[in-house]
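Trainee: Pasting final33.cif here (mmCIF, C-alpha atoms):
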data_entry
loop_
_atom_site.label_atom_id
_atom_site.label_comp_id
_atom_site.auth_asym_id
_atom_site.auth_seq_id
_atom_site.Cartn_x
_atom_site.Cartn_y
_atom_site.Cartn_z
CA MET A 1 0.00 0.00 0.00
CA LYS A 2 1.31 3.42 -0.93
CA PRO A 3 2.45 5.36 2.17
CA TYR A 4 0.28 8.41 1.60
CA PHE A 5 1.38 10.17 4.79
CA ASP A 6 5.12 9.69 4.25
CA PHE A 7 6.81 13.09 4.10
CA THR A 8 10.39 11.87 4.43
CA ASP A 9 12.88 14.60 3.49
CA ARG A 10 10.19 17.03 2.36
CA VAL A 11 10.39 20.64 3.54
CA VAL A 12 7.24 21.99 5.19
CA VAL A 13 6.77 25.65 6.11
CA VAL A 14 4.11 26.54 8.69
CA THR A 15 3.26 30.15 9.50
CA GLY A 16 1.84 30.71 12.95
CA GLY A 17 3.74 27.51 13.65
CA SER A 18 4.85 28.01 17.24
CA ARG A 19 1.55 27.24 19.01
CA GLY A 20 -2.00 25.98 18.59
CA LEU A 21 -2.89 24.34 15.31
CA GLY A 22 0.44 25.35 13.80
CA ALA A 23 2.49 23.65 16.51
CA ALA A 24 0.42 20.46 16.18
CA LEU A 25 1.11 20.48 12.44
CA CYS A 26 4.86 21.06 12.85
CA ARG A 27 5.10 18.14 15.28
CA ALA A 28 3.06 15.84 13.05
CA PHE A 29 4.96 16.55 9.84
CA ALA A 30 8.29 16.02 11.61
CA GLU A 31 7.00 12.74 13.05
CA HIS A 32 6.20 11.69 9.47
CA GLY A 33 9.70 12.46 8.18
CA ALA A 34 9.61 16.11 7.13
CA ASP A 35 11.97 18.92 7.96
CA VAL A 36 9.87 21.81 9.24
CA VAL A 37 10.17 25.58 9.24
CA ILE A 38 8.45 27.15 12.22
CA ALA A 39 7.57 30.73 11.28
CA SER A 40 5.94 32.98 13.84
CA ARG A 41 6.25 36.45 15.32
CA LYS A 42 8.09 35.54 18.55
CA LEU A 43 11.44 33.87 17.87
CA GLU A 44 11.78 32.42 21.37
CA ASN A 45 8.55 30.45 20.97
CA CYS A 46 9.70 29.13 17.59
CA GLU A 47 13.07 28.13 19.04
CA LYS A 48 11.49 26.31 21.98
CA LEU A 49 9.29 24.21 19.70
CA ALA A 50 12.19 23.60 17.30
CA ARG A 51 14.31 22.16 20.11
CA GLU A 52 11.46 19.88 21.18
CA ILE A 53 10.84 18.62 17.63
CA GLU A 54 14.48 17.95 16.89
CA ALA A 55 14.93 16.10 20.18
CA ASN A 56 11.81 13.96 19.69
CA THR A 57 11.98 13.22 15.95
CA GLY A 58 15.56 13.71 14.77
CA ARG A 59 14.27 15.91 11.95
CA ARG A 60 15.49 19.43 11.37
CA ALA A 61 13.29 22.26 12.67
CA LEU A 62 14.24 25.77 11.58
CA PRO A 63 12.78 28.64 13.67
CA ILE A 64 12.29 31.97 11.91
CA ALA A 65 10.73 35.15 13.33
CA VAL A 66 8.19 36.48 10.85
CA HIS A 67 5.33 38.97 10.92
CA ALA A 68 2.81 37.23 8.69
CA GLY A 69 1.34 40.49 7.43
CA ASN A 70 4.63 42.13 6.47
CA TRP A 71 5.69 41.50 2.87
CA ALA A 72 9.37 42.25 3.53
CA ASP A 73 9.37 39.67 6.34
CA LEU A 74 7.75 37.12 4.05
CA GLU A 75 10.32 37.69 1.33
CA ARG A 76 13.07 37.20 3.93
CA LEU A 77 11.38 33.98 5.08
CA VAL A 78 11.31 32.56 1.55
CA GLU A 79 14.90 33.54 0.80
CA THR A 80 16.09 32.02 4.09
CA VAL A 81 14.30 28.71 3.54
CA TYR A 82 15.56 28.35 -0.03
CA ALA A 83 19.09 29.19 1.12
CA GLU A 84 18.89 26.55 3.87
CA PHE A 85 16.99 23.76 2.09
CA GLY A 86 16.93 24.64 -1.60
CA ARG A 87 13.17 24.15 -1.87
CA ILE A 88 9.75 24.22 -0.22
CA ASP A 89 7.50 21.21 -0.77
CA VAL A 90 4.55 22.22 1.40
CA LEU A 91 3.43 25.67 2.54
CA ILE A 92 0.76 26.01 5.21
CA ASN A 93 -0.59 29.54 5.66
CA ASN A 94 -1.83 29.13 9.21
CA ALA A 95 -1.06 32.47 10.88
CA GLY A 96 -4.11 34.52 11.78
CA MET A 97 -5.72 36.86 14.27
CA SER A 98 -9.40 37.24 15.18
CA PRO A 99 -10.00 40.20 17.49
CA ILE A 100 -13.54 41.04 18.56
CA ALA A 101 -14.95 44.54 18.11
CA SER A 102 -17.93 46.01 19.95
CA SER A 103 -19.50 47.08 16.66
CA SER A 104 -18.57 47.73 13.06
CA VAL A 105 -18.77 51.50 13.46
CA ASP A 106 -16.43 51.36 16.45
CA THR A 107 -13.81 49.20 14.69
CA PRO A 108 -10.58 51.24 14.55
CA GLU A 109 -8.90 51.62 11.18
CA GLY A 110 -5.64 50.31 12.61
CA LEU A 111 -7.29 47.14 13.87
CA PHE A 112 -9.07 46.62 10.54
CA ASP A 113 -5.81 46.98 8.62
CA LYS A 114 -4.00 44.60 10.98
CA VAL A 115 -6.69 41.92 10.57
CA ILE A 116 -6.58 42.19 6.78
CA ASP A 117 -2.77 42.20 6.72
CA VAL A 118 -2.35 39.01 8.74
CA ASN A 119 -5.35 37.05 7.49
CA PHE A 120 -5.36 37.97 3.81
CA LYS A 121 -2.60 40.25 2.52
CA GLY A 122 0.19 38.14 4.02
CA PRO A 123 -1.05 34.72 2.88
CA PHE A 124 -1.71 36.18 -0.57
CA ARG A 125 1.87 37.38 -0.90
CA LEU A 126 3.48 34.28 0.59
CA THR A 127 1.46 32.00 -1.68
CA ALA A 128 2.56 34.07 -4.67
CA LEU A 129 6.22 33.98 -3.65
CA VAL A 130 6.29 30.25 -2.92
CA GLY A 131 3.77 29.11 -5.52
CA SER A 132 5.63 30.77 -8.37
CA ARG A 133 8.87 29.06 -7.34
CA MET A 134 7.15 25.71 -6.93
CA ALA A 135 5.58 26.04 -10.38
CA ALA A 136 8.96 26.82 -11.94
CA ARG A 137 10.57 23.78 -10.32
CA ASP A 138 9.22 20.50 -8.99
CA GLY A 139 5.78 21.59 -7.80
CA GLY A 140 4.30 21.30 -4.33
CA ALA A 141 1.23 21.81 -2.19
CA ILE A 142 -0.09 24.96 -0.52
CA ILE A 143 -2.78 24.90 2.15
CA ASN A 144 -4.56 27.99 3.42
CA ILE A 145 -6.08 27.74 6.90
CA THR A 146 -9.12 30.01 6.73
CA SER A 147 -12.17 29.78 9.04
CA ILE A 148 -15.77 28.64 9.20
CA GLY A 149 -16.37 32.33 9.87
CA ALA A 150 -15.84 32.89 6.15
CA ILE A 151 -19.26 31.34 5.48
CA ARG A 152 -20.81 31.83 8.94
CA PRO A 153 -19.87 35.47 9.63
CA GLN A 154 -20.90 37.34 12.77
CA PRO A 155 -20.92 41.12 13.38
CA ALA A 156 -18.33 40.90 16.16
CA TYR A 157 -15.64 39.69 13.75
CA GLY A 158 -16.77 41.06 10.40
CA PRO A 159 -13.30 42.07 9.09
CA TYR A 160 -11.87 38.68 10.07
CA ALA A 161 -14.70 36.84 8.32
CA GLY A 162 -14.24 39.00 5.24
CA ALA A 163 -10.49 38.38 5.15
CA LYS A 164 -10.95 34.62 5.46
CA ALA A 165 -13.63 34.64 2.75
CA ALA A 166 -11.19 36.48 0.51
CA LEU A 167 -8.54 33.87 1.25
CA ASN A 168 -11.00 31.14 0.23
CA ALA A 169 -11.55 32.98 -3.05
CA VAL A 170 -7.87 33.42 -3.95
CA THR A 171 -7.23 29.77 -3.08
CA GLU A 172 -9.10 28.82 -6.24
CA ALA A 173 -7.42 31.59 -8.24
CA PHE A 174 -3.96 30.36 -7.20
CA ALA A 175 -4.96 26.75 -7.92
CA HIS A 176 -5.47 27.76 -11.55
CA GLU A 177 -2.50 30.11 -11.76
CA TYR A 178 0.09 27.60 -10.57
CA ALA A 179 -1.38 24.42 -12.01
CA PRO A 180 -0.56 21.76 -12.97
CA LYS A 181 2.52 21.40 -10.76
CA VAL A 182 1.16 23.12 -7.66
CA ARG A 183 -2.01 22.22 -5.79
CA VAL A 184 -3.62 24.95 -3.66
CA ASN A 185 -6.41 24.11 -1.22
CA ALA A 186 -8.00 25.58 1.90
CA ILE A 187 -9.38 24.31 5.19
CA MET A 188 -12.05 26.09 7.21
CA PRO A 189 -11.65 25.13 10.88
CA GLY A 190 -14.40 25.63 13.41
CA SER A 191 -13.70 26.19 17.10
CA PHE A 192 -10.57 24.44 18.34
CA ARG A 193 -9.21 24.20 21.87
CA THR A 194 -6.05 26.25 21.30
CA ASP A 195 -4.36 28.93 23.39
CA ILE A 196 -6.88 31.56 22.32
CA ALA A 197 -9.73 29.37 23.57
CA LYS A 198 -8.48 29.82 27.14
CA SER A 199 -9.89 33.35 27.09
CA TRP A 200 -13.36 32.23 25.97
CA ASP A 201 -16.29 31.98 28.37
CA PRO A 202 -16.55 28.38 29.65
CA SER A 203 -20.17 28.25 28.51
CA LYS A 204 -19.12 28.76 24.88
CA GLU A 205 -18.35 25.10 24.28
CA ALA A 206 -21.50 23.89 26.02
CA SER A 207 -23.62 25.99 23.68
CA THR A 208 -21.76 25.25 20.46
CA PRO A 209 -24.11 24.58 17.51
CA ALA A 210 -21.67 22.00 16.10
CA ALA A 211 -23.16 18.56 15.48
CA LEU A 212 -20.38 16.94 17.54
CA LYS A 213 -21.29 19.20 20.51
CA ARG A 214 -17.70 20.11 21.39
CA PHE A 215 -14.61 21.99 20.29
CA GLY A 216 -11.90 20.26 18.29
CA GLU A 217 -8.47 19.37 19.61
CA PRO A 218 -5.50 20.75 17.62
CA GLU A 219 -4.46 17.23 16.59
CA GLU A 220 -7.84 16.71 14.92
CA ILE A 221 -6.95 18.96 12.01
CA VAL A 222 -3.72 17.10 11.24
CA GLY A 223 -5.24 14.35 9.10
CA THR A 224 -6.99 16.78 6.76
CA VAL A 225 -3.87 18.90 6.34
CA MET A 226 -1.72 15.85 5.65
CA TYR A 227 -4.24 14.59 3.13
CA LEU A 228 -4.06 17.88 1.21
CA ALA A 229 -0.27 18.08 1.55
CA GLY A 230 0.47 14.57 0.35
CA ASP A 231 0.03 12.20 -2.56
CA ALA A 232 -3.40 11.00 -1.42
CA SER A 233 -4.93 14.25 -2.73
CA SER A 234 -3.08 14.33 -6.06
CA PHE A 235 -6.33 15.12 -7.93
CA THR A 236 -7.56 17.73 -5.43
CA THR A 237 -6.93 21.44 -5.98
CA GLY A 238 -8.96 24.61 -5.51
CA ALA A 239 -10.98 22.86 -2.81
CA VAL A 240 -12.21 24.34 0.48
CA ILE A 241 -12.81 21.73 3.16
CA ARG A 242 -14.71 22.26 6.42
CA VAL A 243 -13.23 20.83 9.63
CA ASP A 244 -15.73 22.29 12.07
CA GLY A 245 -17.46 19.46 13.93
CA GLY A 246 -20.55 19.92 11.77
CA ARG A 247 -21.49 23.58 12.14
CA PRO A 248 -24.98 24.34 10.78
#
Could you render the structure as structure tokens?
Mentor:
Amino acid sequence: MKPYFDFTDRVVVVTGGSRGLGAALCRAFAEHGADVVIASRKLENCEKLAREIEANTGRRALPIAVHAGNWADLERLVETVYAEFGRIDVLINNAGMSPIASSSVDTPEGLFDKVIDVNFKGPFRLTALVGSRMAARDGGAIINITSIGAIRPQPAYGPYAGAKAALNAVTEAFAHEYAPKVRVNAIMPGSFRTDIAKSWDPSKEASTPAALKRFGEPEEIVGTVMYLAGDASSFTTGAVIRVDGGRP
């Protein structure tokens, strides 16, 4: 049987990779043979996870401090990874931020711009930088982590929902632009029990409308990401997959 989840010697870049869903993905890819690049804003958090991964898996984990909404930072990230590894096989645009505003009219311009930068402008640019190189060489897979909020928006996080909906849209555009060598897909997570969930009201999970009646654990997104990153999804591109516990 073909080892669909074998990523031996592949290079996987994960933005927002130092905690939450990103950290779970970095650990999982390294456990399945990949060298991982942990890209996040705080270098010390990236370094801590890199040391853990290298000690536990024997794979290389490269920590890089990156602001996911800053195009100069993203260009530096790409240049650094290609200088170190010579290629990128899988890119996972996972970095994001979802602040809550009291109302749309009270949303500050600075906050709006920051949400769009991190959740849409940055992933757009990084996909263009990496996707164009992949298409010119041996191909690869790009996965955008968006949000169920893209299709179930709420007033409290309107700019975030709009940014994630835009990222869903450009996922299909990139899938056509960089085909046939590069596959570009997206995943819309629902509520997951990550660091940010610690600040939520405890009643939030009890009242979730999800069919499974609970939040997801970070490890529960790994299988879908690995499917889209690997050979099992060789005929899948431009797709947007929900991993939300069955949100109505």
Trainee: The PyMOL selection byres ((chain A and resi 232) around 12) on the file shown: which residues, as a PyMOL selection string?
Mentor: chain A and resi 1-7+141+223-231+233-237
Trainee: Evaluate the PyMOL selection byres ((chain A and resi 94) around 6) against this structure - the residues, as an MDAnalysis selection string, please.
Mentor: chainID A and resid 15:16 92:93 95 145
Trainee: Name all residues at most 12 Å from range 189-200 of chain A (count only C-alpha atoms; drop same-chain ones fewer than 4 positions away) and give them as an NGL selection string.
Mentor: :A and (18-24 or 94 or 96-100 or 144-153 or 164 or 204-222 or 224-225 or 240-248)
Trainee: Using only C-alpha atoms, what residues lie at most 7 Å away from (8.6, 28.0, -2.4) (file coordinates), given as a PyMOL selection string?
Mentor: chain A and resi 78+87-88+129-131+133-134
Trainee: CA of Leu91 in chain A and CA of Val170 in chain A, how far apart in Å?
Mentor: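 It comes out at 15.2 Å.
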Trainee: Given the file shown, determine the residues that the PyMOL selection byres ((chain A and resi 37) around 10) selects; report them as a list in words.
Mentor: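 Output of the PyMOL selection byres ((chain A and resi 37) around 10): Val11, Val12, Val13, Val14, Thr15, Gly17, Ser18, Cys26, Ala34, Asp35, Val36, Ile38, Ala39, Ser40, Cys46, Ala50, Arg60, Ala61, Leu62, Pro63, Ile64, Leu77, Val81, Ile88 and Leu91 of chain A.
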Trainee: Suppose you want the space between CA of Tyr82 in chain A and CA of Val66 in chain A; what is it in Å?
Mentor: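 Taking CA of Tyr82 in chain A as the start and CA of Val66 in chain A as the end point, the length is 15.5 Å.
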Trainee: If you take every atom of range 117-127 of chain A that the file lists and fit an axis-aligned box around them with 5 Å extra on each side, what centre and edge lengths come out in Å to one decimal, as AutoDock Vina command-line options?
Mentor:
--center_x -0.9 --center_y 37.1 --center_z 3.5 --size_x 18.8 --size_y 20.2 --size_z 20.4
Trainee: To one decimal place, how far is CA of Asn168 in chain A from CA of Gly69 in chain A in Å?
Mentor: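 Atom-to-atom, CA of Asn168 in chain A and CA of Gly69 in chain A are spaced 17.1 Å apart.
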Trainee: Pick from A:Ile143, A:Val90, A:Ala72, A:Leu49: nearest to Phe29 in chain A, with only C-alpha atoms counted?
Mentor: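 Distance minimum relative to Phe29 in chain A lands on A:Val90.
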Trainee: Nearest to Met188 in chain A: which of A:Ala30, A:Ala128, A:Ala239, A:Ala173 is it, counting all atoms listed in the file?
Mentor: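 Counting all atoms listed in the file, the residue closest to Met188 in chain A is A:Ala239.
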Trainee: Can range 181-199 of chain A be brought up to N, CA and C atoms and written out as a tab-separated table (two decimals), in the coordinates of the input?
Mentor:
chain	number	residue	atom	x	y	z
A	181	LYS	N	1.52	21.93	-11.69
A	181	LYS	CA	2.52	21.40	-10.76
A	181	LYS	C	2.19	21.66	-9.30
A	182	VAL	N	1.44	22.71	-9.04
A	182	VAL	CA	1.16	23.12	-7.66
A	182	VAL	C	-0.32	22.97	-7.36
A	183	ARG	N	-0.62	22.33	-6.24
A	183	ARG	CA	-2.01	22.22	-5.79
A	183	ARG	C	-2.22	23.19	-4.63
A	184	VAL	N	-3.32	23.95	-4.68
A	184	VAL	CA	-3.62	24.95	-3.66
A	184	VAL	C	-5.03	24.68	-3.13
A	185	ASN	N	-5.14	24.42	-1.84
A	185	ASN	CA	-6.41	24.11	-1.22
A	185	ASN	C	-6.55	24.88	0.09
A	186	ALA	N	-7.75	24.87	0.64
A	186	ALA	CA	-8.00	25.58	1.90
A	186	ALA	C	-8.80	24.70	2.85
A	187	ILE	N	-8.63	24.98	4.13
A	187	ILE	CA	-9.38	24.31	5.19
A	187	ILE	C	-10.04	25.38	6.04
A	188	MET	N	-11.32	25.18	6.33
A	188	MET	CA	-12.05	26.09	7.21
A	188	MET	C	-12.27	25.41	8.56
A	189	PRO	N	-11.43	25.71	9.55
A	189	PRO	CA	-11.65	25.13	10.88
A	189	PRO	C	-12.82	25.81	11.59
A	190	GLY	N	-13.44	25.05	12.48
A	190	GLY	CA	-14.40	25.63	13.41
A	190	GLY	C	-13.66	26.02	14.68
A	191	SER	N	-14.30	25.84	15.82
A	191	SER	CA	-13.70	26.19	17.10
A	191	SER	C	-12.80	25.06	17.59
A	192	PHE	N	-11.54	25.41	17.84
A	192	PHE	CA	-10.57	24.44	18.34
A	192	PHE	C	-10.06	24.88	19.71
A	193	ARG	N	-9.69	23.93	20.52
A	193	ARG	CA	-9.21	24.20	21.87
A	193	ARG	C	-7.71	24.55	21.82
A	194	THR	N	-7.43	25.76	21.39
A	194	THR	CA	-6.05	26.25	21.30
A	194	THR	C	-5.83	27.29	22.39
A	195	ASP	N	-4.68	27.94	22.37
A	195	ASP	CA	-4.36	28.93	23.39
A	195	ASP	C	-5.41	30.03	23.48
A	196	ILE	N	-5.90	30.47	22.32
A	196	ILE	CA	-6.88	31.56	22.32
A	196	ILE	C	-8.19	31.15	22.99
A	197	ALA	N	-8.48	29.85	22.97
A	197	ALA	CA	-9.73	29.37	23.57
A	197	ALA	C	-9.73	29.52	25.08
A	198	LYS	N	-8.56	29.67	25.68
A	198	LYS	CA	-8.48	29.82	27.14
A	198	LYS	C	-9.16	31.10	27.61
A	199	SER	N	-9.27	32.08	26.71
A	199	SER	CA	-9.89	33.35	27.09
A	199	SER	C	-11.40	33.35	26.85
